[in-house]
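Colleague: Next comes the structure file input-v7.cif, holding mmCIF, C-alpha atoms.
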data_entry
#
loop_
_atom_site.group_PDB
_atom_site.id
_atom_site.type_symbol
_atom_site.label_atom_id
_atom_site.label_comp_id
_atom_site.auth_asym_id
_atom_site.auth_seq_id
_atom_site.Cartn_x
_atom_site.Cartn_y
_atom_site.Cartn_z
ATOM 1 C CA MET A 25 84.275 45.376 147.048
ATOM 2 C CA LEU A 26 80.644 45.515 148.098
ATOM 3 C CA SER A 27 79.951 46.669 151.654
ATOM 4 C CA THR A 28 76.640 46.453 153.492
ATOM 5 C CA LEU A 29 75.076 48.768 155.985
ATOM 6 C CA VAL A 30 72.190 47.809 158.318
ATOM 7 C CA VAL A 31 69.607 50.593 158.325
ATOM 8 C CA PHE A 32 66.459 50.142 160.363
ATOM 9 C CA GLY A 33 66.898 46.392 160.238
ATOM 10 C CA TYR A 34 67.435 46.191 156.388
ATOM 11 C CA ALA A 35 70.630 45.428 154.552
ATOM 12 C CA ALA A 36 71.400 48.286 152.186
ATOM 13 C CA ALA A 37 73.876 47.949 149.297
ATOM 14 C CA PHE A 38 76.060 50.852 148.377
ATOM 15 C CA MET A 39 78.982 51.437 146.065
ATOM 16 C CA VAL A 40 82.523 51.855 147.196
ATOM 17 C CA PRO A 41 84.532 54.191 144.903
ATOM 18 C CA GLY A 42 86.199 52.151 142.163
ATOM 19 C CA LEU A 43 83.788 49.220 142.575
ATOM 20 C CA CYS A 44 82.825 47.227 139.449
ATOM 21 C CA CYS A 45 79.653 45.172 139.246
ATOM 22 C CA ARG A 46 79.824 41.472 138.517
ATOM 23 C CA PRO A 47 79.293 40.273 134.888
ATOM 24 C CA GLU A 48 75.668 39.338 135.609
ATOM 25 C CA GLU A 49 74.929 42.723 137.213
ATOM 26 C CA TYR A 50 74.529 46.278 135.966
ATOM 27 C CA PRO A 51 75.203 49.603 137.743
ATOM 28 C CA THR A 52 72.271 51.857 138.544
ATOM 29 C CA LYS A 53 72.214 55.654 138.625
ATOM 30 C CA ASP A 54 72.170 55.695 142.404
ATOM 31 C CA GLY A 55 75.332 53.577 142.581
ATOM 32 C CA GLN A 56 73.949 50.104 143.150
ATOM 33 C CA CYS A 57 74.674 46.831 141.364
ATOM 34 C CA CYS A 58 71.464 45.073 140.259
ATOM 35 C CA PRO A 59 70.929 41.720 138.558
ATOM 36 C CA MET A 60 70.556 41.960 134.770
ATOM 37 C CA CYS A 61 67.365 41.032 132.924
ATOM 38 C CA HIS A 62 67.340 37.969 130.684
ATOM 39 C CA GLU A 63 67.203 37.935 126.855
ATOM 40 C CA GLY A 64 63.848 39.063 125.518
ATOM 41 C CA THR A 65 63.269 41.371 128.511
ATOM 42 C CA VAL A 66 64.493 44.757 129.749
ATOM 43 C CA VAL A 67 64.552 46.608 133.065
ATOM 44 C CA LYS A 68 61.247 48.062 134.174
ATOM 45 C CA ARG A 69 62.500 48.946 137.676
ATOM 46 C CA ASP A 70 65.906 48.760 139.295
ATOM 47 C CA CYS A 71 66.470 46.561 142.294
ATOM 48 C CA THR A 72 65.943 47.953 145.779
ATOM 49 C CA GLN A 73 66.938 46.908 149.271
ATOM 50 C CA GLN A 74 63.730 44.943 149.480
ATOM 51 C CA SER A 75 63.433 43.446 145.953
ATOM 52 C CA GLY A 76 65.412 42.452 142.931
ATOM 53 C CA THR A 77 65.360 43.925 139.441
ATOM 54 C CA ARG A 78 61.936 44.064 137.824
ATOM 55 C CA CYS A 79 62.020 43.044 134.126
ATOM 56 C CA GLY A 80 59.410 43.210 131.374
ATOM 57 C CA PRO A 81 59.121 41.506 127.930
ATOM 58 C CA CYS A 82 59.945 43.243 124.678
ATOM 59 C CA GLU A 83 56.987 44.531 122.695
ATOM 60 C CA VAL A 84 56.140 43.336 119.179
ATOM 61 C CA GLY A 85 58.577 44.799 116.687
ATOM 62 C CA THR A 86 61.408 44.911 119.228
ATOM 63 C CA PHE A 87 63.928 42.415 120.574
ATOM 64 C CA MET A 88 66.696 41.956 123.134
ATOM 65 C CA ASN A 89 69.334 39.338 122.313
ATOM 66 C CA GLN A 90 71.500 39.538 125.432
ATOM 67 C CA PRO A 91 71.317 39.867 129.232
ATOM 68 C CA ASN A 92 71.076 43.559 129.978
ATOM 69 C CA GLY A 93 70.363 46.439 132.284
ATOM 70 C CA LEU A 94 68.647 48.539 129.615
ATOM 71 C CA ASN A 95 65.287 50.216 129.822
ATOM 72 C CA GLY A 96 64.232 49.594 126.213
ATOM 73 C CA CYS A 97 64.458 46.831 123.584
ATOM 74 C CA PHE A 98 66.040 47.196 120.151
ATOM 75 C CA SER A 99 63.846 47.850 117.125
ATOM 76 C CA CYS A 100 63.582 44.991 114.650
ATOM 77 C CA THR A 101 65.295 45.516 111.301
ATOM 78 C CA ALA A 102 62.982 46.037 108.334
ATOM 79 C CA CYS A 103 63.947 44.212 105.125
ATOM 80 C CA GLU A 104 62.978 46.634 102.358
ATOM 81 C CA GLN A 105 62.019 44.944 99.088
ATOM 82 C CA GLY A 106 62.691 48.188 97.258
ATOM 83 C CA GLN A 107 66.312 47.833 98.340
ATOM 84 C CA GLY A 108 66.538 44.217 97.190
ATOM 85 C CA LEU A 109 65.993 42.581 100.600
ATOM 86 C CA PHE A 110 63.487 40.151 102.073
ATOM 87 C CA ALA A 111 62.997 38.651 105.533
ATOM 88 C CA LYS A 112 64.715 35.271 105.615
ATOM 89 C CA GLN A 113 64.002 34.964 109.340
ATOM 90 C CA GLU A 114 61.365 37.009 111.149
ATOM 91 C CA CYS A 115 62.179 39.049 114.227
ATOM 92 C CA THR A 116 61.478 37.501 117.643
ATOM 93 C CA ALA A 117 61.712 38.759 121.221
ATOM 94 C CA THR A 118 65.254 37.403 121.458
ATOM 95 C CA SER A 119 66.589 37.845 117.897
ATOM 96 C CA ASP A 120 66.564 40.439 115.149
ATOM 97 C CA THR A 121 65.210 39.948 111.632
ATOM 98 C CA VAL A 122 67.576 38.167 109.255
ATOM 99 C CA CYS A 123 67.484 39.747 105.786
ATOM 100 C CA ASP A 124 68.685 38.201 102.545
ATOM 101 C CA VAL A 125 68.804 39.447 98.952
ATOM 102 C CA LEU A 126 66.174 39.059 96.249
ATOM 103 C CA THR A 127 66.947 37.483 92.890
ATOM 104 C CA GLY A 128 68.965 39.879 90.744
ATOM 105 C CA TYR A 129 70.719 41.475 93.744
ATOM 106 C CA PHE A 130 73.910 40.818 95.663
ATOM 107 C CA CYS A 131 74.811 41.710 99.252
ATOM 108 C CA LYS A 132 77.067 44.735 99.741
ATOM 109 C CA SER A 133 77.415 44.445 103.511
ATOM 110 C CA LEU A 134 76.663 41.616 105.925
ATOM 111 C CA SER A 135 74.848 41.897 109.241
ATOM 112 C CA ASN A 136 76.200 39.690 112.044
ATOM 113 C CA ASP A 137 77.690 37.398 109.361
ATOM 114 C CA ILE A 138 74.320 35.740 108.774
ATOM 115 C CA GLY A 139 72.166 38.412 107.178
ATOM 116 C CA CYS A 140 72.482 41.244 104.713
ATOM 117 C CA SER A 141 72.049 44.887 105.638
ATOM 118 C CA SER A 142 72.353 46.431 102.140
ATOM 119 C CA ALA A 143 72.166 45.119 98.580
ATOM 120 C CA GLU A 144 72.687 46.250 94.984
ATOM 121 C CA THR A 145 71.410 44.978 91.647
ATOM 122 C CA HIS A 146 73.657 42.767 89.565
ATOM 123 C CA THR A 147 75.560 44.605 86.851
ATOM 124 C CA ARG A 148 74.079 44.139 83.358
ATOM 125 C CA CYS A 149 76.732 43.486 80.745
ATOM 126 C CA ALA A 150 76.617 45.951 77.858
ATOM 127 C CA PRO A 151 76.146 45.043 74.167
ATOM 128 C CA GLY A 152 79.486 43.807 72.864
ATOM 129 C CA GLN A 153 80.125 41.970 76.139
ATOM 130 C CA ARG A 154 79.163 38.601 77.595
ATOM 131 C CA ILE A 155 78.603 37.261 81.101
ATOM 132 C CA LYS A 156 81.871 35.666 82.190
ATOM 133 C CA GLU A 157 80.681 34.852 85.728
ATOM 134 C CA PRO A 158 76.990 35.118 86.683
ATOM 135 C CA GLY A 159 76.179 37.144 89.788
ATOM 136 C CA THR A 160 75.267 35.404 93.035
ATOM 137 C CA SER A 161 73.692 36.555 96.291
ATOM 138 C CA ARG A 162 77.169 37.541 97.491
ATOM 139 C CA THR A 163 79.016 38.568 94.301
ATOM 140 C CA ASP A 164 78.324 40.854 91.355
ATOM 141 C CA THR A 165 78.251 39.789 87.695
ATOM 142 C CA VAL A 166 81.621 39.695 85.888
ATOM 143 C CA CYS A 167 81.557 40.857 82.243
ATOM 144 C CA GLU A 168 84.085 40.566 79.411
ATOM 145 C CA PHE A 169 84.207 41.846 75.803
ATOM 146 C CA CYS A 170 83.506 39.551 72.849
ATOM 147 C CA GLN A 171 86.488 38.216 70.905
ATOM 148 C CA PRO A 172 87.145 39.369 67.315
ATOM 149 C CA GLY A 173 84.685 37.722 64.939
ATOM 150 C CA TYR A 174 81.950 37.563 67.574
ATOM 151 C CA PHE A 175 79.138 39.911 68.602
ATOM 152 C CA SER A 176 76.601 40.364 71.406
ATOM 153 C CA LEU A 177 73.343 42.276 71.142
ATOM 154 C CA ASP A 178 72.063 41.797 74.702
ATOM 155 C CA GLY A 179 75.270 41.490 76.732
ATOM 156 C CA VAL A 180 74.615 37.855 77.635
ATOM 157 C CA ASN A 181 76.425 35.611 75.141
ATOM 158 C CA CYS A 182 78.786 36.222 72.227
ATOM 159 C CA THR A 183 77.811 34.731 68.838
ATOM 160 C CA ALA A 184 80.090 34.127 65.846
ATOM 161 C CA TRP A 185 79.569 36.355 62.803
ATOM 162 C CA THR A 186 77.485 34.916 59.959
ATOM 163 C CA THR A 187 79.457 33.626 56.966
ATOM 164 C CA CYS A 188 77.845 34.708 53.693
ATOM 165 C CA SER A 189 77.172 31.873 51.211
ATOM 166 C CA GLU A 190 78.439 31.683 47.606
ATOM 167 C CA THR A 191 75.191 33.193 46.316
ATOM 168 C CA GLN A 192 75.369 36.108 48.761
ATOM 169 C CA VAL A 193 77.444 39.223 49.115
ATOM 170 C CA ASN A 194 78.641 40.942 52.308
ATOM 171 C CA VAL A 195 76.965 44.351 52.423
ATOM 172 C CA LYS A 196 78.001 45.245 55.992
ATOM 173 C CA GLU A 197 80.911 44.129 58.145
ATOM 174 C CA GLY A 198 80.259 42.760 61.621
ATOM 175 C CA SER A 199 81.278 44.412 64.906
ATOM 176 C CA THR A 200 81.210 43.499 68.597
ATOM 177 C CA THR A 201 77.576 44.685 68.748
ATOM 178 C CA SER A 202 76.210 43.613 65.338
ATOM 179 C CA ASP A 203 76.366 40.673 62.949
ATOM 180 C CA VAL A 204 77.570 40.600 59.355
ATOM 181 C CA VAL A 205 74.803 41.551 56.896
ATOM 182 C CA CYS A 206 74.530 39.283 53.853
ATOM 183 C CA LYS A 207 72.386 39.884 50.774
ATOM 184 C CA SER A 208 71.522 37.667 47.852
ATOM 185 C CA ALA A 209 73.445 38.585 44.673
ATOM 186 C CA SER A 210 71.262 40.439 42.092
ATOM 187 C CA ARG A 211 69.744 38.205 39.380
ATOM 188 C CA ALA A 212 70.440 40.909 36.814
ATOM 189 C CA HIS A 213 74.109 39.989 36.987
ATOM 190 C CA TYR A 214 73.332 36.449 35.878
ATOM 191 C CA CYS A 215 70.966 37.519 33.064
ATOM 192 C CA TYR A 216 73.885 38.990 31.101
ATOM 193 C CA ILE A 217 75.793 35.715 31.042
ATOM 194 C CA PRO A 218 73.565 33.803 28.530
ATOM 195 C CA ALA A 219 73.327 36.873 26.311
ATOM 196 C CA LEU A 220 77.085 37.326 26.380
ATOM 197 C CA LEU A 221 77.683 33.676 25.534
ATOM 198 C CA LEU A 222 75.186 33.886 22.661
ATOM 199 C CA SER A 223 76.848 36.993 21.299
ATOM 200 C CA LEU A 224 80.281 35.405 21.421
ATOM 201 C CA THR A 225 78.936 32.301 19.649
ATOM 202 C CA VAL A 226 77.350 34.344 16.820
ATOM 203 C CA VAL A 227 80.468 36.425 16.323
ATOM 204 C CA GLY A 228 82.569 33.288 16.222
ATOM 205 C CA LEU A 229 80.338 31.719 13.562
ATOM 206 C CA LEU A 230 80.375 34.850 11.429
ATOM 207 C CA ILE A 231 84.144 35.071 11.544
ATOM 208 C CA ARG A 232 84.448 31.395 10.687
ATOM 209 C CA GLY A 233 82.001 31.682 7.757
ATOM 210 C CA VAL A 234 83.693 34.719 6.258
ATOM 211 C CA SER A 235 87.130 33.148 6.557
ATOM 212 C CA GLY A 236 85.956 29.954 4.859
ATOM 213 C CA GLN A 237 84.380 31.913 1.994
ATOM 214 C CA CYS A 238 87.570 33.849 1.391
ATOM 215 C CA ILE A 239 89.710 30.721 1.287
ATOM 216 C CA SER A 240 87.386 28.660 -0.963
ATOM 217 C CA SER A 241 86.720 31.344 -3.620
ATOM 218 C CA PHE A 242 90.239 32.712 -4.050
ATOM 219 C CA LYS A 243 92.514 31.715 -6.893
ATOM 220 C CA PHE A 244 96.003 33.004 -7.230
ATOM 221 C CA PRO A 245 96.459 34.875 -10.504
ATOM 222 C CA PRO A 246 100.102 35.409 -11.210
ATOM 223 C CA THR A 247 99.809 39.145 -11.042
ATOM 224 C CA VAL A 248 97.189 39.499 -8.320
ATOM 225 C CA SER A 249 98.083 40.609 -4.816
ATOM 226 C CA PRO A 250 97.378 38.102 -2.051
ATOM 227 C CA VAL A 251 94.942 40.616 -0.540
ATOM 228 C CA GLN A 252 91.373 40.501 -1.881
ATOM 229 C CA GLU A 253 88.276 42.375 -0.786
ATOM 230 C CA VAL A 254 85.180 40.305 -0.294
ATOM 231 C CA GLY A 255 82.198 42.489 0.413
ATOM 232 C CA ASP A 256 83.086 44.651 3.426
ATOM 233 C CA SER A 257 85.662 42.131 4.641
ATOM 234 C CA VAL A 258 89.323 42.079 3.776
ATOM 235 C CA CYS A 259 90.887 38.637 3.632
ATOM 236 C CA VAL A 260 94.631 38.134 3.843
ATOM 237 C CA LEU A 261 95.578 34.987 2.025
ATOM 238 C CA LYS A 262 98.790 33.061 1.931
ATOM 239 C CA ASN A 263 100.200 31.081 -1.008
ATOM 240 C CA VAL A 264 100.689 27.462 -0.234
#
Any chance you could give the structure as structure tokens?
Modeller:
Amino acid sequence: MLSTLVVFGYAAAFMVPGLCCRPEEYPTKDGQCCPMCHEGTVVKRDCTQQSGTRCGPCEVGTFMNQPNGLNGCFSCTACEQGQGLFAKQECTATSDTVCDVLTGYFCKSLSNDIGCSSAETHTRCAPGQRIKEPGTSRTDTVCEFCQPGYFSLDGVNCTAWTTCSETQVNVKEGSTTSDVVCKSASRAHYCYIPALLLSLTVVGLLIRGVSGQCISSFKFPPTVSPVQEVGDSVCVLKNV
């Protein structure tokens, strides 16, 4: 309850113990209730018996976003680019700076549900992983490992292992971080094939010629064994 006392013709306000000021007033050090200053201003001088509260505007770089009985404005928030922030909305006399995150960052903590007060860089997926869910301004990147038979060099996407062709050989198995290594089969391996076929053909002809000679030139004497030597070859003949 506010009581008044007439002193020398002036109405003086004083505090009764237990008195609370009204919502639009603030208590002073000498026990008075003075009208608050509006947004964008602060108290420069408390009210007196002769005058009301004297208010002054906030200076550049400061703000006041509510009716108050304070003697100083709040400092504007600085959005540090080195911390992944930029000024989405500049500071005014009645509102603070609104910061948001730069590309490649996500917000760790919000400020007044509209701005960001701290940010961190998006996680980079490691080789052998892929990006399952890209990071946003409010969430970090989600990574997952490549499936068997796939690999990732840069941690972005998983690629299937290379399948070596029929003319190639697998010289190195693939892993989650590297592809299969294929190499063309050596030509030296194929050079032996014609030579081998030629050798087999010659041997076959020689065997056939020797066998024919043995059969055509042999006559069965009554007392001769059916085994006859022809040159270095031994022919085994059968009576018909």
Colleague: CA of Asn136 (chain A) and CA of Thr165 (chain A) are how many Å apart?
Modeller: 24.4 Å
Colleague: Let me make sure I understand: among A:Cys103, A:Cys45, A:Val180, A:Cys123, which one has the smallest atom-to-atom distance to Gly139 (chain A) if we use only C-alpha atoms?
Modeller: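 Of all the options, A:Cys123 lies closest to Gly139 (chain A).
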Colleague: Measuring between all atoms listed in the file, which one of A:Phe110, A:Phe98, A:Tyr129, A:Tyr50 shows the shortest distance to Arg162 (chain A)?
Modeller: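 Of all the options, A:Tyr129 lies closest to Arg162 (chain A).
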Colleague: Work out how far CA of Thr163 (chain A) is from CA of Ser176 (chain A), in Å to one decimal.
Modeller: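 Between CA of Ser176 (chain A) and CA of Thr163 (chain A) the gap is 23.1 Å.
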Colleague: Need the shell around Arg78 (chain A): protein/DNA/RNA residues with any atom at most 7 Å away, counting all atoms listed in the file. Skip same-chain ones fewer than 4 positions apart. Format as a PyMOL selection string?
Modeller: chain A and resi 67-71
Colleague: Between A:Gly64, A:Gly128, A:Gly76, A:Pro91, which residue has the minimum interatomic distance to Gln105 (chain A), considering all atoms listed in the file?
Modeller: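 Among the listed residues, A:Gly128 lies closest to Gln105 (chain A).
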Colleague: So how far away is CA of Leu126 (chain A) from CA of Cys182 (chain A), in Å?
Modeller: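 Rounded to one decimal, the two atoms are 27.3 Å apart.
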Colleague: I need the residue nearest Ile155 (chain A) from this list: A:Asp137, A:Asp120, A:Glu104, A:Asp178. Use all atoms listed in the file for the distance.
Modeller: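 Result for the nearest residue to Ile155 (chain A): A:Asp178.
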Colleague: Under the rule that only C-alpha atoms are counted, which of A:Ala143, A:Ala209, A:Cys131, A:Ala184 is the nearest residue to Cys170 (chain A)?
Modeller: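 Using only C-alpha atoms, Cys170 (chain A) sits closest to A:Ala184.
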Colleague: Can you tell me, as number ranges by chain, what residues are no more than 7 Å from region 195-202 of chain A when counting all atoms listed in the file, ignoring any on the same chain fewer than 5 positions away?
Modeller: A: 151-152, 170, 174-177, 185, 207
Colleague: Counting only C-alpha atoms, what is within 10 Å of Thr187 (chain A), bar same-chain residues fewer than 6 positions away, as a VMD selection string?
Modeller: chain A and resid 193 to 194 203 to 206
Colleague: So, counting all atoms listed in the file, which residue among A:Gly173, A:Gly96, A:Gly179, A:Gly85 is closest to Gln153 (chain A)?
Modeller: A:Gly179
Colleague: Could you pull the residues within 8 Å of region 56-63 of chain A, counting all atoms listed in the file, minus those fewer than 2 positions along the same chain, as a list of chain:residue names?
Modeller: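 Listed by chain and then number, they are A:Ala37, A:Phe38, A:Met39, A:Cys45, A:Arg46, A:Glu48, A:Glu49, A:Tyr50, A:Pro51, A:Thr52, A:Lys53, A:Asp54, A:Thr65, A:Val66, A:Val67, A:Asp70, A:Cys71, A:Gly76, A:Thr77, A:Arg78, A:Cys79, A:Met88, A:Asn89, A:Gln90, A:Pro91, A:Asn92, A:Gly93, A:Ala117, A:Thr118.
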Colleague: Leaving out Lys132 (chain A) and any residue of its chain fewer than 2 positions from it, which residues lie within 10 Å of it when counting all atoms listed in the file, given as a ChimeraX atom specification?
Modeller: /A:125,129-130,134,140-145,161-164
